[in-house]
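Trainee: There's a structure below that I have some questions on.
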Amino acid sequence: MNIWIKILYAVISVSVATIYGLTLAGIVRKIYARVHGRYGPPVWQPFLDIIKNHGKRVSISHGIMYFLGPVFRLAGGLGTYLFIPVIFGSVVFSNFSVAGDLLLVMYFIFFGQLGMALGAGEGGHPYSPIGIARGLSQMTAFEVPFSLAVIAIAIQYNTLDITTIVAAQQGSILNWTLFTNPLAVIAAMISLLGMNMHSPFSIVLAPQEIPIGPPIEMNSSFLATLQTNRGLFTAAKLVLFMNLFFGGATNLPIMIVKTFLIYMFSVFVGASFPRFRPEQSMRFFLKWPTLIGIASIILVAYF
Amino acid sequence: MVNPIYILILFLAAGFLLTLIDKGGRKLSLTVFYGILSFNVFVIGEWFYQLTFLDASTLIINTAGFSAPLSINLQLGIQESFVLLFANLTALLSGIYLFKKFKETHISGLILYLIMIMGVNSLVMTRDLFNMFVFLEIVSISTFALITLTETRKSLSAGFKYMIAGGIASTFFLLGVTFVYYFTGNLNLEFIHLSNFTNLGLISVFLLAIAVFIELKPFPANGWALDVYEAVDSGIVSVIAVVNSAAIFFVFYKIMPLLPQNFLNIFGIAGVVTFFFSNLMGLKQKNAKRLLGYSSIGQIGLLVASLIFTMHSPNSLIYLIVGGFFVNHLIAKAGLFWIAGIVKKENLKDWNVLKNNKPLLVLFGVLLFALSGFPPFAGFWAKWEFIKILVHGKMFFVIGAVLLGSLFEVIFLFRWFTLSIKSDEKAENKEFSLEFSKIFPTTIFAGITILISVIIMKFFYGFNWLHALPILAVLVLHVLDFLPSKIKGFLSLAAVLAYGYFLYPFESNIQLFFGVIFILGSAINIISTLNREGKSEGFYGLLLMMIFSFGNLIIATTYLEFFLSWEFMTISSFLLILRGKKAQKASLMYLIFSTAGAYLLMVGFSFAPDLISNSALILSITNVHLPIISIIMLAIGFMIKSGSLGVHIWLPEAHAEAESDVSPFISAILLKAGVFGLLMIAISYIKNTPSLDIFYWIGWIGVLTAIVGAFLASFQEDAKRLLAYSSMSQVGYIIASIAILSHLGWLSAMYLSFNHMMFKSALFIAIAGIYYRTHTRTMYEMGGLIKKMPLSFISVLILIIAVSGVPPLSGFGSKWLVYSAFITKGWYLQAGVLFFASAVSFLYLYRLIHTIFLGQLKYEHQEVKEAPLWFIIPQYIFIIGIMAFSMFPNLIIQPLNSIAMRYFDSSIIIDGYTISSSLGYWNGNMIMMVTMGVFIVPLIFLILFNGKMQKVKQFNIVYAAERPESPQTTHVAHNMYAHYRKALGGWGKPRIWNFWHESSEWSHSLAGFFRQLYTGNGQTYILHIIIYIVVIYFILGV
């Protein structure tokens, strides 16, 4: 295929995902507001925030790494998204998934996190590294049940190729990993709570303790870049989960419905539970979800 | 040739005449004295030469004109001449050592000395039992008199105890002689045979044997000897410990044919027990001479054991083993006693006066290494062959005791050595006098030790210069030590490259691969040492020694060659680590673990069947069916070197405390030697799989090493310790991947090894550069250095991305390979643990870069400059390598694929830049392109659309409506992952460290407990001897 057409498709794919992700963020803000007993901002508020931040007259920079932090972050979001085939059978939304399999996606998630952590570090604000230390620690913990779940489905489908995994789930709703390997899905969904960092796992941004943590010194376009990424990255994660566990999607509306529902799981839990202390969060992931993940592997591998 | 009977006559005559001669002045009498001693050495030396090289026949001298048994006969064969040569040489040199004393003392001192040496000569030569008794008495009495020449309270009491113990032994000997005569009617060894004795008659042989054995100071009936060693003047002690012991040992050898096999076995075991316990108790000893006493007694025990247990082996081996131990002990011990007399410090901690005296320190080191059985000295070869014989005889208890005892010996001897070099203790008197008469004998002995090593290597084993290259490198660089460091550095670099070029056409690709890691990797690392200023005396010699031993490992063709290079590597790396400022404990711990590992290797190789081809070991091992026990031993040995969980505690200390340009070698290259060894046994294993699936467990150990190492790294405050634990973790991955025993597994293992070599070298060099500028390794004392050291920052940034496995750099390739390998193998839970470990690695990597380069710049680092160029160059060479292999992974995957295909069918398909396994695929080149694309787009966007940018410093922040006070209070670095520690709870306790600490405490307590036996009371000692005799009597069931 012509490389330019591929790039054009990628631009379309990314734009759709970003717009969807930001809208989703707006909806979620609305939902949280209602739970808190407020009307909340309009659904398009995330777009307004980005435009406003880009429009700032002055931007303050702490140095080159600080400058590159948001770039790394957005590149991480873009890359993660672009290595995932979004819609099964669609050429436009197949992205660059030929570059690598599920392992690539899992590791590319770290790309943005690491870069952002470095950028925030140069900001010099003590809350940044505190938030990062918490975030990295929590990441190591929720990565355990998630990777166990991934291993379980790798055993189940005998592949790490996302497209093949989606293909294997086609035909009937009962072919979804959700039903063929429920334990793995439970483990993975619990770790998704950690990845999305809603309560009770909101220890990184933790507004009352370390006011928004890592991005605390970020402003103007830097902040806008991060906010853009937040939309895109959320969409990427949700699409990944949809592909691995919920049968994927054959067209855009189904993708939107499925990812929305998957996200709502985090939102409902987030709206209902209070925040853990950092060590509680880590212990939580290393206990029950991990055991469930191990059980799912044993179930798939030996029974 | 001179008839040796003249020796005795001359001595006797001199003994009587010296009093007269002394009237003519001490000079005259001393001339006569030394003349006789030298004459003696000359005569025996000539006989030894004739007997050994000209095949002269054994000389039998009949005295008084009658032949035996009517007269006493003396015999001088190869063995006698060998023992006497060294005994007399020691006597002469000790005499020279005592020159000053002999100049002042009463003439009786000289006479006694001569009489004693005469006794020793006769003891060795005589074949008559009663005659032996007489000379035993002569030696005893003259020794006693010599002991009391040192007129201190201690030595008088020691002499008295010696006299009593000797008296008891003599009594039993005499009784034995009487009984022998009663049962056989003869006293000449030529005419008495074991068959002459009835069951009852065996009592007579028992009495003889036990009497001599008591004189050989068996544990625990040897308290008297220890007191003598401690109390008496060094020159005299060396004669007692070495010359007398040698003679008595030879007497034991002479009566051995009279003893039935079961007697011998018991004596052999008693010897081993002595060796074990003496060395155990030595652990607790702080007095230098008493320490040598323990070692001395132990060595004699080992000598007896080796004599008995190798009895049925070929002669050449017996000469190598018993002769090797004998000479080794004799020379090293005498030399060390002399040095103890020169330094004159009782407490080991005060020996740091040696620091200021390099020649003496070198002598001390040579003798210590010889005594501990390190190559190339005689004890090493003797031990190797001895263990082989024990293994074939299935004497596992003996092996255990000998090796554990040797380990204890290494511990206390090298504690002493490291203290001498590194102790901070302030000695009261820094100066000690260096007299020629004292240095001369020591130097001669050190020279002889080296000479014997050369003889053994060249003539017994037929080694060539390449095998000895590590040692030659040290010697050559020692000669060039006057040159400035930089010149030596360039020379070394050239030498390493030339060495690589010389080895280059390797027999196989796998050797080439390790050649690149060991030699090319080292060569690049040498560049960072060019930053050294001054002369760096001794540094480059050791460095070259280490690098050449790495290279020799890959071309070794026999087990022994491999083991030799392995030991050279251990010695050189130990001495390199010891150069670190505070490296006393670290280097000692490294040496202890390495030695234990080496002993396991020695036993493991002894179990291995013979090789049938002349190829390099790594190739010929394919056709060798290693027994399961051998695999276990070798695996543990190699895993100690690579710092696996459980035996890793040496690793962080050694890495952290070594000089900062040495650490890259230790971490990036030395650890790979363990990997190389493990791969070697795995190669044998896959072709001849035994029933027990050992590698399954090795796999688990590797995986657990990876996770524990990662956690430990995350909790460090010291940058080098952090990197050290990180190495431990990474090598855990490598070991686990080898243990998979599949094509993908080995591909991953080699890929990881290569990658780890590059990024860990560069990271350690980066830290070296930072340490050079900031003089600290504690990370929380740094911060904000990004603007001061941008090149180092970029380097560390790229490197940590490569370590972490984040795409697009080469680290991702290793992660992809590893997980694919584990999942296809069916090691699912192990793969899960590795995922966890890999996530945890982000903790320490971020901590490393953040606390050093990001956050707040400290006031004291305002003026810090970029790291010197010599540190930057090698880092960027490695980075270029990493970038190239990231962009074009085929460069490395393809050759590694072909290596792994030698052993397994290929399980990957390489199509363009896409590498696919049965599970998934990965296109490194495309990932790099996409990543660059997604990175550049937002970057350009941000550059173009960002508002008017105002640059501020890191400190320009506000929080809680307050401006922070100082960078120190604002840099989040100390105990960064406190919450994780809390989350881990009881899992975070240092259990393994505690285990080894407790083991050490226990063995020291045990040593302390047994040491209570030695009350210093003569009566107790007699009781020990009597009880000992009774117990042995009952055990033998005579």
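Simple scheme: letters A, B, ... for chains in structure tokens order, numbers from 1 for residues in each chain, numbers from 1 for ligands in the order shown.
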Would you please extract all helix (DSSP H, G or I) residues from stretch 77-265 of chain A, as assigned by DSSP on the backbone, and give them as JSON, numbers by chain?
Mentor: {"A": [77, 78, 79, 80, 81, 82, 92, 93, 94, 97, 98, 99, 102, 103, 104, 105, 106, 107, 108, 109, 110, 111, 112, 113, 114, 115, 116, 117, 118, 119, 120, 121, 122, 127, 128, 129, 130, 131, 132, 133, 134, 135, 136, 137, 138, 139, 140, 141, 142, 143, 144, 145, 146, 147, 148, 149, 150, 151, 152, 153, 154, 155, 156, 157, 162, 163, 164, 165, 166, 167, 168, 173, 174, 175, 177, 178, 179, 180, 182, 183, 184, 185, 186, 187, 188, 189, 190, 191, 192, 193, 194, 195, 196, 214, 215, 216, 217, 220, 221, 222, 223, 224, 225, 226, 227, 228, 229, 230, 231, 232, 233, 234, 235, 236, 237, 238, 239, 240, 241, 242, 243, 244, 245, 252, 253, 254, 255, 256, 257, 258, 259, 260, 261, 262, 263, 264, 265]}
Trainee: Give me, as a PyMOL selection string, all polymer residues having an atom no more than 9 Å from stretch 228-241 of chain B, counting only C-alpha atoms and skipping those fewer than 5 positions away in the same chain.
Mentor: chain B and resi 87+90-91+94-98+143+146-150+152-159+161-162+223+246+287-294+296-297+330+333-342
Trainee: Using the selection just defined, write its residues with C-alpha atoms as a PDB file, in the first residue's frame.
Mentor:
```
ATOM      1  CA  ALA B  87      64.290 -28.971  54.551  1.00  0.00           C
ATOM      2  CA  THR B  90      64.738 -23.824  54.632  1.00  0.00           C
ATOM      3  CA  ALA B  91      67.232 -24.443  57.389  1.00  0.00           C
ATOM      4  CA  SER B  94      66.154 -19.572  58.295  1.00  0.00           C
ATOM      5  CA  GLY B  95      69.704 -19.469  59.489  1.00  0.00           C
ATOM      6  CA  ILE B  96      70.351 -16.440  57.351  1.00  0.00           C
ATOM      7  CA  TYR B  97      67.114 -14.935  58.589  1.00  0.00           C
ATOM      8  CA  LEU B  98      68.333 -15.414  62.145  1.00  0.00           C
ATOM      9  CA  THR B 143      64.187 -27.773  69.449  1.00  0.00           C
ATOM     10  CA  LEU B 146      66.014 -23.340  70.717  1.00  0.00           C
ATOM     11  CA  ILE B 147      62.511 -22.429  71.789  1.00  0.00           C
ATOM     12  CA  THR B 148      63.765 -21.302  75.138  1.00  0.00           C
ATOM     13  CA  LEU B 149      66.411 -19.131  73.511  1.00  0.00           C
ATOM     14  CA  THR B 150      63.636 -16.596  73.139  1.00  0.00           C
ATOM     15  CA  THR B 152      60.074 -14.597  77.341  1.00  0.00           C
ATOM     16  CA  ARG B 153      57.650 -16.047  79.815  1.00  0.00           C
ATOM     17  CA  LYS B 154      55.456 -17.220  76.985  1.00  0.00           C
ATOM     18  CA  SER B 155      58.154 -19.022  75.105  1.00  0.00           C
ATOM     19  CA  LEU B 156      59.491 -20.716  78.223  1.00  0.00           C
ATOM     20  CA  SER B 157      56.106 -22.119  79.023  1.00  0.00           C
ATOM     21  CA  ALA B 158      55.553 -23.064  75.370  1.00  0.00           C
ATOM     22  CA  GLY B 159      58.888 -24.864  75.349  1.00  0.00           C
ATOM     23  CA  LYS B 161      54.648 -27.888  76.880  1.00  0.00           C
ATOM     24  CA  TYR B 162      56.508 -28.887  73.762  1.00  0.00           C
ATOM     25  CA  GLY B 223      47.406 -27.182  71.764  1.00  0.00           C
ATOM     26  CA  ALA B 246      58.656 -32.219  57.101  1.00  0.00           C
ATOM     27  CA  ASN B 287      47.111 -13.015  66.179  1.00  0.00           C
ATOM     28  CA  ALA B 288      49.163 -13.322  63.018  1.00  0.00           C
ATOM     29  CA  LYS B 289      51.597 -15.994  64.131  1.00  0.00           C
ATOM     30  CA  ARG B 290      48.985 -18.109  65.837  1.00  0.00           C
ATOM     31  CA  LEU B 291      46.909 -17.826  62.687  1.00  0.00           C
ATOM     32  CA  LEU B 292      49.799 -19.197  60.695  1.00  0.00           C
ATOM     33  CA  GLY B 293      50.070 -21.903  63.341  1.00  0.00           C
ATOM     34  CA  TYR B 294      46.494 -22.993  62.717  1.00  0.00           C
ATOM     35  CA  SER B 296      50.308 -24.913  59.465  1.00  0.00           C
ATOM     36  CA  ILE B 297      48.712 -27.635  61.528  1.00  0.00           C
ATOM     37  CA  LEU B 330      56.796 -25.636  53.258  1.00  0.00           C
ATOM     38  CA  LYS B 333      54.600 -21.164  55.492  1.00  0.00           C
ATOM     39  CA  ALA B 334      58.250 -20.491  56.083  1.00  0.00           C
ATOM     40  CA  GLY B 335      57.990 -17.321  54.011  1.00  0.00           C
ATOM     41  CA  LEU B 336      54.952 -16.096  55.879  1.00  0.00           C
ATOM     42  CA  PHE B 337      56.488 -16.777  59.272  1.00  0.00           C
ATOM     43  CA  TRP B 338      59.481 -14.763  58.172  1.00  0.00           C
ATOM     44  CA  ILE B 339      57.321 -11.911  57.015  1.00  0.00           C
ATOM     45  CA  ALA B 340      55.499 -12.065  60.334  1.00  0.00           C
ATOM     46  CA  GLY B 341      58.871 -11.633  61.979  1.00  0.00           C
ATOM     47  CA  ILE B 342      59.708  -8.655  59.796  1.00  0.00           C
TER      48      ILE B 342
END
```
Trainee: My list of candidates is A:Ala141, A:Ile210, A:Val267, A:Leu240. Which is closest to A:Glu279 when distances are computed with only C-alpha atoms?
Mentor: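 Ranked by minimum distance to A:Glu279, first place goes to A:Ala141.
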Trainee: Pick out the residues sitting within 12 Å of A:Ile298, and hand them over as a ChimeraX atom specification; count only C-alpha atoms, and ignore anything fewer than 2 positions along from it in its own chain.
Mentor: /A:148-149,151-153,155-156,181,183-184,291-296,300-303 /B:826-829
Trainee: Distance table requested - chain B against chain A, cut-off 6 Å, only C-alpha atoms: one row per qualifying residue with the closest atom pair and its distance in Å to one decimal, ordered by chain and rising residue number, as a tab-separated table.
Mentor:
```
residue	atom	partner	partner_atom	distance
B:Val806	CA	A:Tyr107	CA	5.4
B:Pro807	CA	A:Phe108	CA	5.9
B:Gly832	CA	A:Leu148	CA	5.6
B:Phe836	CA	A:Val144	CA	5.6
B:Ala839	CA	A:Thr140	CA	4.9
B:Val840	CA	A:Thr140	CA	5.5
B:Leu854	CA	A:Glu122	CA	4.8
B:Gly855	CA	A:Gly124	CA	4.3
B:Gln856	CA	A:Gly124	CA	5.7
B:Leu919	CA	A:Thr159	CA	4.2
B:Gly920	CA	A:Leu160	CA	5.1
B:Tyr921	CA	A:Gly100	CA	5.4
B:Trp922	CA	A:Gly100	CA	4.2
B:Asn923	CA	A:Ala99	CA	4.9
B:Met926	CA	A:Ala99	CA	5.7
B:Ile927	CA	A:Ala99	CA	5.8
B:Val934	CA	A:Ala75	CA	5.0
B:Phe935	CA	A:Ala75	CA	4.9
B:Pro938	CA	A:Val71	CA	5.7
B:Leu939	CA	A:Val71	CA	5.7
B:Asn946	CA	A:Ser221	CA	5.5
B:Gly947	CA	A:Arg57	CA	5.2
B:Lys948	CA	A:Val58	CA	4.9
B:Met949	CA	A:Ser59	CA	4.7
B:Gln950	CA	A:Ile60	CA	4.9
B:Lys951	CA	A:Ser61	CA	4.9
B:Val952	CA	A:His62	CA	5.3
B:Lys953	CA	A:His62	CA	5.6
B:Gln954	CA	A:Gly124	CA	4.7
B:Thr970	CA	A:Pro126	CA	5.7
B:Val972	CA	A:Pro126	CA	5.7
B:His979	CA	A:Glu279	CA	5.3
B:Ala983	CA	A:Glu279	CA	4.5
```
Trainee: Find the residues near A:Ala10: any atom within 10 Å, counting only C-alpha atoms, skip ones fewer than 4 places away on the same chain, and give them as a CSV table (one decimal) with N, CA and C atoms, in the first residue's frame.
Mentor:
```csv
chain,number,residue,atom,x,y,z
A,4,TRP,N,1.7,7.0,1.7
A,4,TRP,CA,1.0,8.2,2.0
A,4,TRP,C,-0.5,7.9,2.3
A,5,ILE,N,-1.1,6.9,1.6
A,5,ILE,CA,-2.4,6.6,1.9
A,5,ILE,C,-2.5,6.0,3.3
A,6,LYS,N,-1.5,5.2,3.7
A,6,LYS,CA,-1.5,4.6,5.0
A,6,LYS,C,-1.4,5.7,6.1
A,14,VAL,N,-6.6,8.3,14.0
A,14,VAL,CA,-6.3,9.1,15.2
A,14,VAL,C,-7.3,10.2,15.5
A,15,SER,N,-7.7,10.9,14.5
A,15,SER,CA,-8.6,12.0,14.8
A,15,SER,C,-9.9,11.5,15.4
A,16,VAL,N,-10.4,10.4,14.8
A,16,VAL,CA,-11.7,9.8,15.3
A,16,VAL,C,-11.5,9.4,16.8
A,78,LEU,N,-0.2,8.2,20.8
A,78,LEU,CA,-0.3,8.0,19.4
A,78,LEU,C,0.2,6.6,19.0
A,81,TYR,N,-1.9,3.7,20.3
A,81,TYR,CA,-3.1,3.6,19.5
A,81,TYR,C,-2.8,3.1,18.1
A,82,LEU,N,-1.7,3.6,17.5
A,82,LEU,CA,-1.4,3.2,16.1
A,82,LEU,C,-0.9,1.7,16.0
A,92,VAL,N,-9.0,1.3,7.0
A,92,VAL,CA,-8.7,2.6,7.5
A,92,VAL,C,-8.3,2.5,9.0
A,93,PHE,N,-8.9,1.6,9.7
A,93,PHE,CA,-8.6,1.6,11.1
A,93,PHE,C,-7.7,0.4,11.5
A,94,SER,N,-7.0,-0.1,10.5
A,94,SER,CA,-6.1,-1.2,10.9
A,94,SER,C,-4.8,-0.7,11.5
A,95,ASN,N,-4.5,0.6,11.2
A,95,ASN,CA,-3.3,1.3,11.8
A,95,ASN,C,-2.0,0.6,11.4
A,96,PHE,N,-1.0,0.7,12.2
A,96,PHE,CA,0.3,0.1,11.9
A,96,PHE,C,0.5,-1.2,12.7
```
Trainee: Atom CA of B:Lys486 and atom CA of B:Pro874, how far apart in Å?
Mentor: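 Atom-to-atom, atom CA of B:Pro874 and atom CA of B:Lys486 are spaced 15.7 Å apart.
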